[in-house]
file coords39.txt (compact mmCIF, C-alpha atoms and all ligand atoms)
# COMPACT_ATOMS: atom_id res chain seq x y z
CA MET A 1 155.57 94.85 78.32
CA THR A 2 157.10 94.10 74.94
CA ASN A 3 155.23 90.82 74.73
CA PRO A 4 153.07 91.09 71.59
CA THR A 5 149.82 90.09 73.22
CA ARG A 6 146.93 89.84 70.84
CA ARG A 7 144.03 92.00 71.95
CA ASN A 8 140.66 92.16 70.36
CA VAL A 9 138.04 94.79 70.99
CA LEU A 10 134.60 93.67 70.05
CA ARG A 11 131.25 95.37 69.88
CA LEU A 12 127.86 93.79 70.02
CA GLY A 13 125.89 93.43 66.83
CA ALA A 14 123.25 95.75 65.43
CA SER A 15 120.34 94.07 67.18
CA LEU A 16 121.82 94.72 70.61
CA LEU A 17 122.98 98.21 69.81
CA ALA A 18 119.37 98.99 68.99
CA LEU A 19 118.52 98.68 72.68
CA PRO A 20 118.03 101.96 74.60
CA LEU A 21 121.30 103.76 74.02
CA ALA A 22 120.50 106.82 76.11
CA ALA A 23 120.27 104.81 79.31
CA ALA A 24 123.34 102.76 78.46
CA THR A 25 125.37 105.84 77.61
CA ALA A 26 124.41 107.66 80.80
CA ASN A 27 125.31 104.60 82.81
CA ALA A 28 128.63 104.20 81.03
CA ALA A 29 129.55 107.82 81.65
CA SER A 30 128.82 107.72 85.37
CA HIS A 31 129.92 104.30 86.54
CA SER A 32 131.09 102.01 83.79
CA THR A 33 133.06 99.09 85.12
CA SER A 34 135.52 96.67 83.56
CA HIS A 35 135.20 93.01 84.48
CA THR A 36 137.65 90.20 83.80
CA VAL A 37 136.77 86.59 83.09
CA VAL A 38 139.81 84.34 83.38
CA ILE A 39 139.91 81.26 81.18
CA LYS A 40 142.00 78.69 82.98
CA GLY A 41 141.78 74.98 83.72
CA MET A 42 139.23 74.54 80.94
CA LYS A 43 136.69 76.83 82.56
CA PHE A 44 135.53 80.44 82.75
CA THR A 45 135.99 82.17 86.11
CA PRO A 46 133.58 83.58 87.08
CA ALA A 47 131.34 81.40 84.93
CA ASP A 48 128.29 83.50 85.77
CA LEU A 49 128.88 87.23 85.77
CA VAL A 50 126.36 90.00 86.51
CA ILE A 51 127.16 93.46 85.18
CA ASN A 52 125.50 96.79 84.45
CA ALA A 53 124.68 98.11 80.99
CA GLY A 54 127.69 99.94 79.61
CA ASP A 55 130.19 97.73 81.39
CA THR A 56 133.03 95.98 79.61
CA VAL A 57 133.97 92.33 79.97
CA MET A 58 137.46 91.15 79.11
CA TRP A 59 138.18 87.46 78.64
CA VAL A 60 141.80 86.48 79.23
CA ASN A 61 143.04 83.04 78.26
CA GLU A 62 145.64 81.64 80.65
CA ASP A 63 145.48 78.07 79.31
CA SER A 64 147.85 76.58 76.78
CA ALA A 65 144.83 75.43 74.79
CA ARG A 66 143.09 77.98 72.62
CA HIS A 67 139.61 78.99 73.79
CA SER A 68 136.81 81.28 72.70
CA ALA A 69 133.82 82.95 74.32
CA THR A 70 131.06 82.44 71.79
CA ASP A 71 127.44 83.45 72.37
CA LEU A 72 125.03 80.57 71.76
CA ASN A 73 122.75 82.86 69.73
CA GLY A 74 125.49 84.50 67.72
CA ALA A 75 125.50 87.89 69.48
CA PHE A 76 129.28 87.83 69.94
CA ASP A 77 132.32 85.67 69.37
CA THR A 78 135.81 86.45 70.60
CA GLY A 79 137.31 83.97 68.17
CA LEU A 80 139.99 81.59 69.39
CA LEU A 81 142.32 83.19 71.92
CA ALA A 82 145.84 81.84 72.28
CA LYS A 83 147.54 81.69 75.66
CA GLY A 84 147.93 85.21 77.03
CA ALA A 85 145.50 86.71 74.55
CA SER A 86 142.40 88.65 75.53
CA ALA A 87 139.24 90.05 74.02
CA SER A 88 136.99 92.81 75.36
CA LEU A 89 133.33 93.42 74.77
CA THR A 90 131.11 96.30 75.92
CA PHE A 91 127.50 95.41 76.66
CA GLY A 92 125.00 98.14 75.87
CA GLY A 93 121.65 96.83 77.04
CA ALA A 94 119.94 94.58 79.54
CA GLY A 95 119.67 90.88 78.94
CA THR A 96 121.33 87.54 79.51
CA PHE A 97 123.87 85.93 77.24
CA ASN A 98 124.78 82.27 77.37
CA TYR A 99 128.13 81.49 75.84
CA ARG A 100 130.50 78.57 75.39
CA CYS A 101 133.92 77.80 74.08
CA THR A 102 133.73 76.73 70.46
CA PRO A 103 136.18 73.79 70.63
CA HIS A 104 135.17 72.72 74.17
CA SER A 105 131.38 72.64 74.41
CA ALA A 106 131.46 71.75 78.13
CA MET A 107 132.96 75.17 78.88
CA ARG A 108 129.98 77.41 79.60
CA GLY A 109 129.36 80.87 80.95
CA THR A 110 126.70 83.53 81.27
CA ILE A 111 126.73 87.31 81.23
CA THR A 112 123.69 88.97 82.81
CA ILE A 113 123.29 92.70 82.20
CA ASN A 114 121.09 94.73 84.54
CU CU B 1 138.00 75.98 75.18
call {"tool": "encode", "arguments": {"input": "coords39.txt", "output": "structure tokens"}}
result
Amino acid sequence: MTNPTRRNVLRLGASLLALPLAAATANAASHSTSHTVVIKGMKFTPADLVINAGDTVMWVNEDSARHSATDLNGAFDTGLLAKGASASLTFGGAGTFNYRCTPHSAMRGTITIN
């Protein structure tokens, strides 16, 4: 556990935080869940993830190549993650986000928040 793994904690931008916070907060307090998306073999697994508002998604890169999870509309960007690095993001409101890896445009994923 002495490996200096880089870990980013991200928050969604102002536009998304403006979504109903009361509902998201109540949900987070009662049954917030953490989900992991593994980046390996030049793909996101699971590529399509359905979560509840208030849940956290952590992307972990297990490839030698550096990858990112970057929303197509600019809502979030993990930045490039080296092998073994991870980034976490908490989603506050309902919606669907389509994201890709910045250097590898064929790598695609979606996060759907209920
Ligand atoms: Cu990539």
call {"tool": "atom_distance", "arguments": {"input": "coords39.txt", "atom1": "CA of Thr78 in chain A", "atom2": "CA of Asp48 in chain A"}}
result
17.2 Å
call {"tool": "residues_around", "arguments": {"input": "coords39.txt", "residues": "Gly41 in chain A", "least_positions_apart": "6", "cutoff": "12 Å", "atoms": "all atoms listed in the file", "output": "list in words"}}
result
Asn61, Glu62, Asp63, Ser64, Ala65, Arg66, His67, Lys83, His104 and Met107 of chain A
call {"tool": "residues_around", "arguments": {"input": "coords39.txt", "residues": "Leu72 in chain A", "least_positions_apart": "6", "cutoff": "10 Å", "atoms": "only C-alpha atoms", "output": "list in words"}}
result
Phe97, Asn98, Tyr99, Arg100, Cys101, Thr102 and Arg108 of chain A
call {"tool": "atom_distance", "arguments": {"input": "coords39.txt", "atom1": "CA of Ala53 in chain A", "atom2": "CA of His35 in chain A"}}
result
12.2 Å
call {"tool": "closest_residue", "arguments": {"input": "coords39.txt", "among": "A:Ala106, A:Leu89, A:Ile39, A:Ile111", "to": "Asp77 in chain A", "atoms": "all atoms listed in the file"}}
result
A:Leu89
call {"tool": "closest_residue", "arguments": {"input": "coords39.txt", "among": "A:Val57, A:Ile113, A:Leu80, A:Val38", "to": "ligand CU 1 (chain B)", "atoms": "all atoms listed in the file"}}
result
A:Leu80
call {"tool": "atom_distance", "arguments": {"input": "coords39.txt", "atom1": "CA of Leu81 in chain A", "atom2": "CA of Gly109 in chain A"}}
result
16.0 Å
call {"tool": "closest_residue", "arguments": {"input": "coords39.txt", "among": "A:Gly79, A:Gly92, A:Gly84, A:Gly54", "to": "ligand CU 1 (chain B)", "atoms": "all atoms listed in the file"}}
result
A:Gly79
call {"tool": "residues_around", "arguments": {"input": "coords39.txt", "residues": "Thr112 in chain A", "least_positions_apart": "2", "cutoff": "8 Å", "atoms": "all atoms listed in the file", "output": "list in words"}}
result
Asp48, Leu49, Val50, Ile51, Ala94, Gly95, Thr96, Phe97, Thr110 and Asn114 of chain A
call {"tool": "closest_residue", "arguments": {"input": "coords39.txt", "among": "A:Ser105, A:Ser88, A:Ser34, A:Asn73", "to": "ligand CU 1 (chain B)", "atoms": "all atoms listed in the file"}}
result
A:Ser105
call {"tool": "closest_residue", "arguments": {"input": "coords39.txt", "among": "A:Met58, A:Ala82, A:Ala87, A:Ala75", "to": "ligand CU 1 (chain B)", "atoms": "only C-alpha atoms and all ligand atoms"}}
result
A:Ala82
call {"tool": "closest_residue", "arguments": {"input": "coords39.txt", "among": "A:Thr70, A:Thr36, A:Asn52, A:Thr90", "to": "ligand CU 1 (chain B)", "atoms": "all atoms listed in the file"}}
result
A:Thr70
